[in-house]
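Just input08.cif here, mmCIF, C-alpha atoms and all ligand atoms:
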data_target
loop_
_atom_site.group_PDB
_atom_site.id
_atom_site.type_symbol
_atom_site.label_atom_id
_atom_site.label_comp_id
_atom_site.auth_asym_id
_atom_site.auth_seq_id
_atom_site.Cartn_x
_atom_site.Cartn_y
_atom_site.Cartn_z
ATOM 1 C CA MET E 1358 -8.017 6.374 -20.244
ATOM 2 C CA ASP E 1359 -4.625 4.720 -19.968
ATOM 3 C CA LEU E 1360 -4.751 1.179 -18.685
ATOM 4 C CA PHE E 1361 -3.367 1.089 -15.164
ATOM 5 C CA LEU E 1362 -4.755 -1.150 -12.437
ATOM 6 C CA GLU E 1363 -7.925 -3.010 -13.363
ATOM 7 C CA ALA E 1364 -9.910 -5.617 -11.470
ATOM 8 C CA GLU E 1365 -12.686 -7.471 -13.230
ATOM 9 C CA ASN E 1366 -15.240 -9.490 -11.272
ATOM 10 C CA ILE E 1367 -12.752 -10.714 -8.694
ATOM 11 C CA THR E 1368 -13.946 -13.038 -5.947
ATOM 12 C CA LYS E 1369 -11.944 -14.500 -3.061
ATOM 13 C CA THR E 1370 -13.554 -17.041 -0.785
ATOM 14 C CA PHE E 1371 -12.188 -18.517 2.437
ATOM 15 C CA GLY E 1372 -13.908 -21.779 3.356
ATOM 16 C CA GLY E 1373 -16.896 -20.885 1.230
ATOM 17 C CA VAL E 1374 -17.246 -17.356 2.638
ATOM 18 C CA ALA E 1375 -16.527 -14.516 0.205
ATOM 19 C CA ALA E 1376 -14.111 -11.899 1.567
ATOM 20 C CA ILE E 1377 -14.243 -10.192 -1.853
ATOM 21 C CA PHE E 1378 -17.225 -10.776 -4.105
ATOM 22 C CA ASN E 1379 -17.494 -9.994 -7.811
ATOM 23 C CA LEU E 1380 -15.531 -6.765 -7.471
ATOM 24 C CA SER E 1381 -14.604 -4.595 -10.444
ATOM 25 C CA PHE E 1382 -12.798 -1.272 -10.492
ATOM 26 C CA ALA E 1383 -10.082 0.575 -12.367
ATOM 27 C CA THR E 1384 -7.615 3.193 -11.176
ATOM 28 C CA ARG E 1385 -5.924 6.002 -13.078
ATOM 29 C CA LYS E 1386 -2.208 6.434 -13.347
ATOM 30 C CA GLY E 1387 -1.042 9.262 -11.108
ATOM 31 C CA SER E 1388 -4.042 9.157 -8.801
ATOM 32 C CA VAL E 1389 -4.548 8.521 -5.112
ATOM 33 C CA TYR E 1390 -7.375 5.969 -5.088
ATOM 34 C CA SER E 1391 -8.744 4.972 -1.714
ATOM 35 C CA VAL E 1392 -10.640 1.899 -0.586
ATOM 36 C CA ILE E 1393 -12.816 2.378 2.465
ATOM 37 C CA GLY E 1394 -15.293 0.225 4.341
ATOM 38 C CA PRO E 1395 -15.943 -1.232 7.796
ATOM 39 C CA ASN E 1396 -13.570 -3.670 9.464
ATOM 40 C CA GLY E 1397 -13.781 -7.029 7.733
ATOM 41 C CA ALA E 1398 -14.968 -5.420 4.464
ATOM 42 C CA GLY E 1399 -12.153 -7.148 2.562
ATOM 43 C CA LYS E 1400 -9.713 -4.249 2.097
ATOM 44 C CA THR E 1401 -6.563 -6.086 3.216
ATOM 45 C CA THR E 1402 -7.698 -9.175 1.303
ATOM 46 C CA LEU E 1403 -7.901 -6.995 -1.812
ATOM 47 C CA PHE E 1404 -4.293 -5.854 -1.272
ATOM 48 C CA ASN E 1405 -3.247 -9.472 -0.701
ATOM 49 C CA LEU E 1406 -4.850 -10.392 -4.036
ATOM 50 C CA LEU E 1407 -3.232 -7.496 -5.891
ATOM 51 C CA THR E 1408 0.220 -8.405 -4.534
ATOM 52 C CA GLY E 1409 0.026 -12.154 -5.167
ATOM 53 C CA ILE E 1410 -0.139 -13.195 -1.505
ATOM 54 C CA TYR E 1411 -3.560 -14.681 -2.297
ATOM 55 C CA GLN E 1412 -4.893 -15.837 -5.630
ATOM 56 C CA PRO E 1413 -8.445 -14.904 -6.585
ATOM 57 C CA THR E 1414 -11.037 -17.693 -6.586
ATOM 58 C CA SER E 1415 -12.236 -16.174 -9.869
ATOM 59 C CA GLY E 1416 -11.882 -12.999 -11.890
ATOM 60 C CA ASN E 1417 -9.125 -11.020 -13.574
ATOM 61 C CA MET E 1418 -6.682 -8.372 -12.397
ATOM 62 C CA ARG E 1419 -4.323 -6.496 -14.702
ATOM 63 C CA PHE E 1420 -1.607 -3.920 -14.195
ATOM 64 C CA GLU E 1421 -0.644 -1.876 -17.260
ATOM 65 C CA GLY E 1422 -2.375 -4.509 -19.343
ATOM 66 C CA LYS E 1423 -0.468 -7.447 -17.794
ATOM 67 C CA SER E 1424 -2.382 -10.106 -15.880
ATOM 68 C CA LEU E 1425 -1.604 -10.348 -12.170
ATOM 69 C CA VAL E 1426 -3.435 -13.649 -11.786
ATOM 70 C CA GLY E 1427 -1.097 -16.530 -11.016
ATOM 71 C CA GLN E 1428 1.882 -14.218 -10.442
ATOM 72 C CA PRO E 1429 3.909 -14.642 -7.240
ATOM 73 C CA PRO E 1430 4.648 -11.584 -5.052
ATOM 74 C CA HIS E 1431 8.202 -11.015 -6.345
ATOM 75 C CA LYS E 1432 6.978 -10.918 -9.973
ATOM 76 C CA ILE E 1433 4.292 -8.410 -9.056
ATOM 77 C CA SER E 1434 6.913 -6.333 -7.259
ATOM 78 C CA LYS E 1435 8.966 -6.333 -10.471
ATOM 79 C CA LEU E 1436 5.943 -5.170 -12.462
ATOM 80 C CA GLY E 1437 5.978 -2.093 -10.220
ATOM 81 C CA ILE E 1438 3.505 -2.714 -7.394
ATOM 82 C CA SER E 1439 4.725 -2.336 -3.816
ATOM 83 C CA ARG E 1440 2.871 -2.163 -0.517
ATOM 84 C CA THR E 1441 2.968 -1.244 3.108
ATOM 85 C CA PHE E 1442 1.404 -3.518 5.709
ATOM 86 C CA GLN E 1443 -1.280 -2.712 8.257
ATOM 87 C CA THR E 1444 1.096 -4.059 10.916
ATOM 88 C CA PRO E 1445 4.606 -2.830 10.030
ATOM 89 C CA GLN E 1446 6.738 -5.649 8.579
ATOM 90 C CA ILE E 1447 9.998 -4.250 9.853
ATOM 91 C CA PHE E 1448 12.945 -6.318 11.085
ATOM 92 C CA LEU E 1449 13.253 -4.943 14.609
ATOM 93 C CA ASN E 1450 16.828 -6.228 15.073
ATOM 94 C CA MET E 1451 18.063 -4.276 12.031
ATOM 95 C CA THR E 1452 18.805 -0.585 11.698
ATOM 96 C CA VAL E 1453 16.504 1.825 9.907
ATOM 97 C CA LEU E 1454 18.902 1.939 6.938
ATOM 98 C CA GLU E 1455 19.193 -1.866 6.795
ATOM 99 C CA ASN E 1456 15.406 -2.207 6.734
ATOM 100 C CA THR E 1457 15.231 0.231 3.832
ATOM 101 C CA LEU E 1458 17.958 -1.738 2.032
ATOM 102 C CA VAL E 1459 15.798 -4.851 2.258
ATOM 103 C CA GLY E 1460 13.432 -3.098 -0.140
ATOM 104 C CA CYS E 1461 16.280 -2.031 -2.469
ATOM 105 C CA HIS E 1462 17.658 -5.566 -2.684
ATOM 106 C CA ASN E 1463 14.223 -6.753 -3.668
ATOM 107 C CA HIS E 1464 14.402 -4.497 -6.716
ATOM 108 C CA GLY E 1465 15.647 -6.710 -9.514
ATOM 109 C CA SER E 1466 16.321 -9.647 -7.240
ATOM 110 C CA SER E 1467 14.179 -12.674 -6.606
ATOM 111 C CA GLY E 1468 12.028 -11.752 -3.655
ATOM 112 C CA PHE E 1469 11.584 -10.303 -0.240
ATOM 113 C CA PHE E 1470 13.317 -12.979 1.826
ATOM 114 C CA SER E 1471 15.850 -14.203 -0.691
ATOM 115 C CA GLY E 1472 16.515 -10.531 -1.437
ATOM 116 C CA ALA E 1473 17.116 -9.862 2.221
ATOM 117 C CA LEU E 1474 19.604 -12.710 2.388
ATOM 118 C CA SER E 1475 21.461 -12.114 -0.846
ATOM 119 C CA LEU E 1476 24.536 -9.929 -0.881
ATOM 120 C CA PRO E 1477 25.047 -7.210 -3.440
ATOM 121 C CA SER E 1478 27.321 -8.383 -6.227
ATOM 122 C CA SER E 1479 29.923 -5.651 -5.746
ATOM 123 C CA ARG E 1480 31.005 -2.824 -3.457
ATOM 124 C CA LYS E 1481 29.892 -0.325 -6.066
ATOM 125 C CA GLU E 1482 26.472 -1.904 -6.237
ATOM 126 C CA ALA E 1483 26.256 -1.894 -2.423
ATOM 127 C CA ALA E 1484 27.168 1.791 -2.320
ATOM 128 C CA ARG E 1485 24.562 2.602 -4.968
ATOM 129 C CA LEU E 1486 21.846 0.747 -3.072
ATOM 130 C CA GLU E 1487 22.820 2.458 0.167
ATOM 131 C CA GLU E 1488 22.657 5.864 -1.497
ATOM 132 C CA GLN E 1489 19.226 4.998 -2.859
ATOM 133 C CA ALA E 1490 18.058 3.805 0.574
ATOM 134 C CA MET E 1491 19.336 7.043 2.155
ATOM 135 C CA GLU E 1492 17.393 9.067 -0.432
ATOM 136 C CA ASN E 1493 14.231 7.246 0.585
ATOM 137 C CA LEU E 1494 14.984 7.903 4.255
ATOM 138 C CA VAL E 1495 15.451 11.614 3.527
ATOM 139 C CA PHE E 1496 12.182 11.583 1.592
ATOM 140 C CA CYS E 1497 10.365 9.989 4.540
ATOM 141 C CA GLY E 1498 12.054 12.247 7.116
ATOM 142 C CA LEU E 1499 14.007 9.390 8.689
ATOM 143 C CA ASP E 1500 17.597 10.061 7.588
ATOM 144 C CA HIS E 1501 18.614 11.316 11.053
ATOM 145 C CA LEU E 1502 17.611 7.868 12.376
ATOM 146 C CA ALA E 1503 19.417 5.822 9.685
ATOM 147 C CA ASN E 1504 21.732 3.977 12.080
ATOM 148 C CA ARG E 1505 19.217 3.591 14.901
ATOM 149 C CA GLU E 1506 17.993 0.075 15.774
ATOM 150 C CA SER E 1507 14.447 -0.215 14.451
ATOM 151 C CA ASP E 1508 13.056 -1.579 17.727
ATOM 152 C CA ALA E 1509 13.876 1.785 19.333
ATOM 153 C CA LEU E 1510 11.655 3.710 16.916
ATOM 154 C CA PRO E 1511 8.463 5.423 18.044
ATOM 155 C CA TYR E 1512 5.395 4.068 16.221
ATOM 156 C CA GLY E 1513 5.031 7.113 13.938
ATOM 157 C CA GLU E 1514 8.583 6.640 12.628
ATOM 158 C CA LEU E 1515 8.001 2.888 12.267
ATOM 159 C CA LYS E 1516 4.996 3.586 10.026
ATOM 160 C CA ARG E 1517 7.120 5.962 7.896
ATOM 161 C CA LEU E 1518 9.915 3.363 7.724
ATOM 162 C CA GLU E 1519 7.345 0.944 6.327
ATOM 163 C CA VAL E 1520 6.766 3.512 3.549
ATOM 164 C CA ALA E 1521 10.520 4.028 2.950
ATOM 165 C CA ARG E 1522 11.008 0.258 2.632
ATOM 166 C CA ALA E 1523 8.126 -0.009 0.155
ATOM 167 C CA LEU E 1524 9.446 2.909 -1.925
ATOM 168 C CA SER E 1525 12.836 1.231 -2.239
ATOM 169 C CA THR E 1526 11.475 -1.195 -4.820
ATOM 170 C CA LYS E 1527 10.825 1.887 -7.042
ATOM 171 C CA PRO E 1528 7.121 1.154 -7.469
ATOM 172 C CA LYS E 1529 4.806 2.676 -10.041
ATOM 173 C CA LEU E 1530 1.912 1.898 -7.711
ATOM 174 C CA LEU E 1531 2.137 1.902 -3.914
ATOM 175 C CA LEU E 1532 -0.581 0.135 -1.913
ATOM 176 C CA MET E 1533 -0.802 1.586 1.605
ATOM 177 C CA ASP E 1534 -2.733 -0.419 4.213
ATOM 178 C CA GLU E 1535 -3.867 1.879 7.039
ATOM 179 C CA PRO E 1536 -0.743 4.091 7.133
ATOM 180 C CA ALA E 1537 -2.282 6.357 9.788
ATOM 181 C CA ALA E 1538 -3.565 3.615 12.109
ATOM 182 C CA GLY E 1539 -2.196 4.227 15.597
ATOM 183 C CA LEU E 1540 -0.853 7.694 14.731
ATOM 184 C CA ASN E 1541 -1.727 10.892 16.599
ATOM 185 C CA ASP E 1542 -3.170 13.923 14.792
ATOM 186 C CA SER E 1543 0.137 15.568 13.939
ATOM 187 C CA GLU E 1544 1.682 12.279 12.737
ATOM 188 C CA THR E 1545 -1.463 11.672 10.668
ATOM 189 C CA GLY E 1546 -1.022 15.096 9.078
ATOM 190 C CA GLU E 1547 2.593 14.246 8.253
ATOM 191 C CA MET E 1548 1.474 10.947 6.700
ATOM 192 C CA GLY E 1549 -1.004 12.884 4.548
ATOM 193 C CA GLU E 1550 1.805 15.171 3.392
ATOM 194 C CA LEU E 1551 3.975 12.149 2.636
ATOM 195 C CA ILE E 1552 1.198 10.609 0.514
ATOM 196 C CA ARG E 1553 0.879 13.865 -1.453
ATOM 197 C CA ARG E 1554 4.650 13.979 -2.022
ATOM 198 C CA ILE E 1555 4.638 10.346 -3.182
ATOM 199 C CA GLN E 1556 1.952 11.264 -5.716
ATOM 200 C CA LYS E 1557 4.052 14.253 -6.850
ATOM 201 C CA LEU E 1558 6.952 11.867 -7.544
ATOM 202 C CA GLY E 1559 4.663 10.289 -10.129
ATOM 203 C CA ILE E 1560 3.901 7.215 -8.035
ATOM 204 C CA SER E 1561 0.236 6.239 -8.007
ATOM 205 C CA VAL E 1562 -1.217 5.356 -4.628
ATOM 206 C CA MET E 1563 -3.953 2.997 -3.530
ATOM 207 C CA LEU E 1564 -4.876 3.786 0.043
ATOM 208 C CA VAL E 1565 -6.798 1.819 2.661
ATOM 209 C CA GLU E 1566 -7.483 4.016 5.660
ATOM 210 C CA HIS E 1567 -10.091 4.598 8.368
ATOM 211 C CA ASN E 1568 -9.196 8.220 9.102
ATOM 212 C CA MET E 1569 -11.824 9.899 6.920
ATOM 213 C CA ALA E 1570 -10.318 13.387 7.211
ATOM 214 C CA LEU E 1571 -7.081 12.015 5.764
ATOM 215 C CA VAL E 1572 -8.835 9.948 3.086
ATOM 216 C CA MET E 1573 -11.018 12.837 1.946
ATOM 217 C CA ALA E 1574 -8.047 15.226 1.880
ATOM 218 C CA VAL E 1575 -5.725 13.137 -0.298
ATOM 219 C CA SER E 1576 -7.981 11.010 -2.538
ATOM 220 C CA ASP E 1577 -8.795 11.646 -6.160
ATOM 221 C CA GLY E 1578 -11.230 8.737 -6.165
ATOM 222 C CA LEU E 1579 -12.746 6.357 -3.645
ATOM 223 C CA LEU E 1580 -14.145 2.855 -3.693
ATOM 224 C CA VAL E 1581 -16.434 1.781 -0.867
ATOM 225 C CA LEU E 1582 -16.585 -1.890 0.072
ATOM 226 C CA ASN E 1583 -19.252 -3.478 2.215
ATOM 227 C CA TYR E 1584 -18.916 -7.164 3.123
ATOM 228 C CA GLY E 1585 -16.522 -7.649 0.224
ATOM 229 C CA GLU E 1586 -18.855 -6.118 -2.307
ATOM 230 C CA TYR E 1587 -18.811 -2.907 -4.294
ATOM 231 C CA LEU E 1588 -21.035 -0.341 -2.593
ATOM 232 C CA ALA E 1589 -20.075 2.885 -4.359
ATOM 233 C CA GLU E 1590 -17.318 4.715 -6.202
ATOM 234 C CA GLY E 1591 -16.743 8.420 -6.707
ATOM 235 C CA THR E 1592 -14.943 11.593 -5.731
ATOM 236 C CA PRO E 1593 -14.613 12.452 -2.016
ATOM 237 C CA GLU E 1594 -17.570 14.824 -2.341
ATOM 238 C CA GLN E 1595 -19.773 12.251 -4.096
ATOM 239 C CA ILE E 1596 -18.940 9.600 -1.499
ATOM 240 C CA GLN E 1597 -19.563 11.908 1.468
ATOM 241 C CA ASN E 1598 -23.007 12.713 0.065
ATOM 242 C CA ASN E 1599 -23.955 9.173 -0.971
ATOM 243 C CA PRO E 1600 -26.867 7.977 1.222
ATOM 244 C CA LYS E 1601 -25.908 4.292 0.812
ATOM 245 C CA VAL E 1602 -22.370 5.019 2.019
ATOM 246 C CA ILE E 1603 -23.544 7.141 4.928
ATOM 247 C CA GLU E 1604 -25.880 4.370 6.019
ATOM 248 C CA ALA E 1605 -23.366 1.532 5.676
ATOM 249 C CA TYR E 1606 -20.225 3.254 6.882
ATOM 250 C CA LEU E 1607 -19.760 6.992 7.201
ATOM 251 C CA GLY E 1608 -22.784 7.398 9.464
ATOM 252 C CA MET E 1609 -21.363 4.940 11.995
ATOM 253 C CA GLY E 1610 -20.612 6.545 15.303
ATOM 254 C CA ASP E 1611 -22.388 9.788 14.365
ATOM 255 C CA ASP E 1612 -25.383 11.105 16.356
HETATM 256 N N1 LIG P 1701 -6.476 -16.031 5.380
HETATM 257 C C1 LIG P 1701 -7.770 -15.922 5.712
HETATM 258 N N2 LIG P 1701 -8.487 -17.013 6.082
HETATM 259 C C2 LIG P 1701 -9.788 -16.916 6.400
HETATM 260 N N3 LIG P 1701 -10.479 -15.771 6.391
HETATM 261 C C3 LIG P 1701 -9.823 -14.654 6.040
HETATM 262 C C4 LIG P 1701 -8.448 -14.664 5.685
HETATM 263 N N4 LIG P 1701 -8.069 -13.393 5.382
HETATM 264 C C5 LIG P 1701 -9.160 -12.631 5.533
HETATM 265 N N5 LIG P 1701 -10.223 -13.376 5.933
HETATM 266 C C6 LIG P 1701 -11.594 -12.894 6.189
HETATM 267 O O1 LIG P 1701 -11.956 -12.038 5.143
HETATM 268 C C7 LIG P 1701 -12.741 -10.964 5.635
HETATM 269 C C8 LIG P 1701 -12.113 -9.653 5.232
HETATM 270 O O2 LIG P 1701 -10.943 -9.449 6.010
HETATM 271 P P1 LIG P 1701 -9.928 -8.272 5.687
HETATM 272 O O3 LIG P 1701 -9.619 -8.281 4.243
HETATM 273 O O4 LIG P 1701 -8.801 -8.379 6.637
HETATM 274 O O5 LIG P 1701 -10.826 -6.991 6.030
HETATM 275 P P2 LIG P 1701 -10.427 -5.465 6.253
HETATM 276 O O6 LIG P 1701 -8.985 -5.289 5.895
HETATM 277 O O7 LIG P 1701 -11.354 -4.708 5.368
HETATM 278 O O8 LIG P 1701 -10.693 -5.171 7.701
HETATM 279 C C9 LIG P 1701 -12.852 -11.153 7.140
HETATM 280 O O9 LIG P 1701 -14.072 -11.788 7.421
HETATM 281 C C10 LIG P 1701 -11.671 -12.049 7.445
HETATM 282 O O10 LIG P 1701 -11.931 -12.840 8.580
HETATM 283 MG MG MG P 1702 -7.338 -4.640 6.973
#
Translate this file's structure into structure tokens.
Amino acid sequence: MDLFLEAENITKTFGGVAAIFNLSFATRKGSVYSVIGPNGAGKTTLFNLLTGIYQPTSGNMRFEGKSLVGQPPHKISKLGISRTFQTPQIFLNMTVLENTLVGCHNHGSSGFFSGALSLPSSRKEAARLEEQAMENLVFCGLDHLANRESDALPYGELKRLEVARALSTKPKLLLMDEPAAGLNDSETGEMGELIRRIQKLGISVMLVEHNMALVMAVSDGLLVLNYGEYLAEGTPEQIQNNPKVIEAYLGMGDD
């Protein structure tokens, strides 16, 4: 198996309490790999570790054989990992296109905020970035809204803009934190389609999501977390039939 994303015995504690404990897993290039588990299970913390927002208390993480430990977010972005946030991190006073450009500027520049503030070095470069941003808007079904102020967007479009912004860094791996949270059924279906199309582009996806219909429909593999610890790993079918998972998570709210 090609080396892609690997975590080896990672632990992250906050004030002595482990949000992630001794967690190991590996994902395959080209796959949609989902992380599920109850609220507070440590899913967002895991994404924060993988993107350099937090550093692990102990353990190793590698992407394509390169260590992620000690790397700041902009370095990890350059290695090819991008993410969406559970709560959209969109600049509401900027247009849809401008928000997507923030991601483009980050590509090859020094970071999210400095990238947002830096100006492209030439008109030609600016035009190229804008073309690239427009392509991502077309891909996410947002091109007709390119010049709209972002604060006027319905929530479903805001969640897709979050994806367009993340794609603008040209990631090899996209981490998506609850992309369907707050979406209605038809918007959730569209998000599922978008995830499949992202995978078809050759971008690997790591998905955190509570909508089990969506997760089971798009995932090649799943990891189940419970209180920050590994509970199970497997295909959608294996996970749906795993008694430990049903007891800890999937059975919740049934009967
Ligand atoms: N910066 C932080 N400081 C203290 N505790 C945190 C911090 N971030 C996350 N936690 C704790 O870690 C646990 C896992 O949280 P989180 O990763 O957000 O879970 P999930 O995304 O699975 O709902 C929770 O108990 C949360 O309170
Ligand atoms: Mg979370």
Residues within 10 Å of Glu1547 of chain E, only C-alpha atoms, excluding chain neighbours under 4 positions, as a PDB file with C-alpha atoms, keeping the file's coordinate frame:
ATOM      1  CA  CYS E1497      10.365   9.989   4.540  1.00  0.00           C
ATOM      2  CA  GLY E1498      12.054  12.247   7.116  1.00  0.00           C
ATOM      3  CA  GLY E1513       5.031   7.113  13.938  1.00  0.00           C
ATOM      4  CA  ARG E1517       7.120   5.962   7.896  1.00  0.00           C
ATOM      5  CA  ALA E1537      -2.282   6.357   9.788  1.00  0.00           C
ATOM      6  CA  LEU E1540      -0.853   7.694  14.731  1.00  0.00           C
ATOM      7  CA  ASN E1541      -1.727  10.892  16.599  1.00  0.00           C
ATOM      8  CA  ASP E1542      -3.170  13.923  14.792  1.00  0.00           C
ATOM      9  CA  SER E1543       0.137  15.568  13.939  1.00  0.00           C
ATOM     10  CA  LEU E1551       3.975  12.149   2.636  1.00  0.00           C
ATOM     11  CA  ILE E1552       1.198  10.609   0.514  1.00  0.00           C
ATOM     12  CA  ARG E1553       0.879  13.865  -1.453  1.00  0.00           C
TER      13      ARG E1553
END
Select the residues contacting ligand LIG 1701 (chain P) at a distance of at most 9 Å, based on all atoms listed in the file, then format the selection as a CSV table (one decimal) with C-alpha atoms, keeping the file's coordinate frame.
chain,number,residue,atom,x,y,z
E,1369,LYS,CA,-11.9,-14.5,-3.1
E,1370,THR,CA,-13.6,-17.0,-0.8
E,1371,PHE,CA,-12.2,-18.5,2.4
E,1372,GLY,CA,-13.9,-21.8,3.4
E,1374,VAL,CA,-17.2,-17.4,2.6
E,1375,ALA,CA,-16.5,-14.5,0.2
E,1376,ALA,CA,-14.1,-11.9,1.6
E,1377,ILE,CA,-14.2,-10.2,-1.9
E,1392,VAL,CA,-10.6,1.9,-0.6
E,1393,ILE,CA,-12.8,2.4,2.5
E,1394,GLY,CA,-15.3,0.2,4.3
E,1395,PRO,CA,-15.9,-1.2,7.8
E,1396,ASN,CA,-13.6,-3.7,9.5
E,1397,GLY,CA,-13.8,-7.0,7.7
E,1398,ALA,CA,-15.0,-5.4,4.5
E,1399,GLY,CA,-12.2,-7.1,2.6
E,1400,LYS,CA,-9.7,-4.2,2.1
E,1401,THR,CA,-6.6,-6.1,3.2
E,1402,THR,CA,-7.7,-9.2,1.3
E,1403,LEU,CA,-7.9,-7.0,-1.8
E,1404,PHE,CA,-4.3,-5.9,-1.3
E,1405,ASN,CA,-3.2,-9.5,-0.7
E,1411,TYR,CA,-3.6,-14.7,-2.3
E,1443,GLN,CA,-1.3,-2.7,8.3
E,1534,ASP,CA,-2.7,-0.4,4.2
E,1535,GLU,CA,-3.9,1.9,7.0
E,1565,VAL,CA,-6.8,1.8,2.7
E,1582,LEU,CA,-16.6,-1.9,0.1
E,1583,ASN,CA,-19.3,-3.5,2.2
E,1584,TYR,CA,-18.9,-7.2,3.1
E,1585,GLY,CA,-16.5,-7.6,0.2
Next item on the list: Can you work out which one of E:Val1389, E:Met1533, E:Leu1607, E:Met1491 has the shortest atom-to-atom distance to ligand MG 1702 (chain P), counting only C-alpha atoms and all ligand atoms?
Entry: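 Using only C-alpha atoms and all ligand atoms, the shortest distance to ligand MG 1702 (chain P) belongs to E:Met1533.
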Item checked: Expected answer as number ranges by chain: all residues with atoms within 9 Å of (8.8, -0.2, -3.8), all atoms listed in the file -> E: 1434, 1437-1440, 1460-1461, 1463-1464, 1520-1531
Next item on the list: Might you spell out which residues the PyMOL selection byres (((chain E and resi 1416-1427) around 9) and not hetatm) would select in the displayed file, as a list in words?
Entry: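 On the file shown, the PyMOL selection byres (((chain E and resi 1416-1427) around 9) and not hetatm) covers Asp1359, Leu1360, Phe1361, Leu1362, Glu1363, Ala1364, Glu1365, Asn1366, Ile1367, Thr1368, Lys1369, Asn1379, Leu1380, Ser1381, Leu1406, Leu1407, Thr1408, Gly1409, Gln1412, Pro1413, Thr1414, Ser1415, Gln1428, Pro1429, Lys1432, Ile1433, Leu1436, Gly1437 and Ile1438 of chain E.
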Notebook entry, point to check: When the PyMOL selection byres (((chain E and resi 1507) around 7) and not hetatm) is applied to the file above, which residues end up in the set, as a list in words?
Noted result: Leu1449, Asn1450, Met1451, Thr1452, Val1453, Arg1505, Glu1506, Asp1508, Ala1509 and Leu1510 of chain E
Margin query: Which residues, named as in the file, does the PyMOL selection byres (((chain E and resi 1589-1594) around 6) and not hetatm) pick out? Answer as a PyMOL selection string.
Written below: chain E and resi 1573+1578-1581+1587-1588+1595-1597
Next item on the list: For each of E:Asn1599, E:Met1563, E:Gln1446, E:Glu1487, take the minimum atom-to-atom distance to Ala1383 of chain E, counting all atoms listed in the file, then give the residue where this is smallest.
Entry: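 Residue with the minimum atom-to-atom distance to Ala1383 of chain E: E:Met1563.
Atom to atom, atom CA of Lys1557 of chain E and atom CA of Val1572 of chain E stand 16.8 Å apart.
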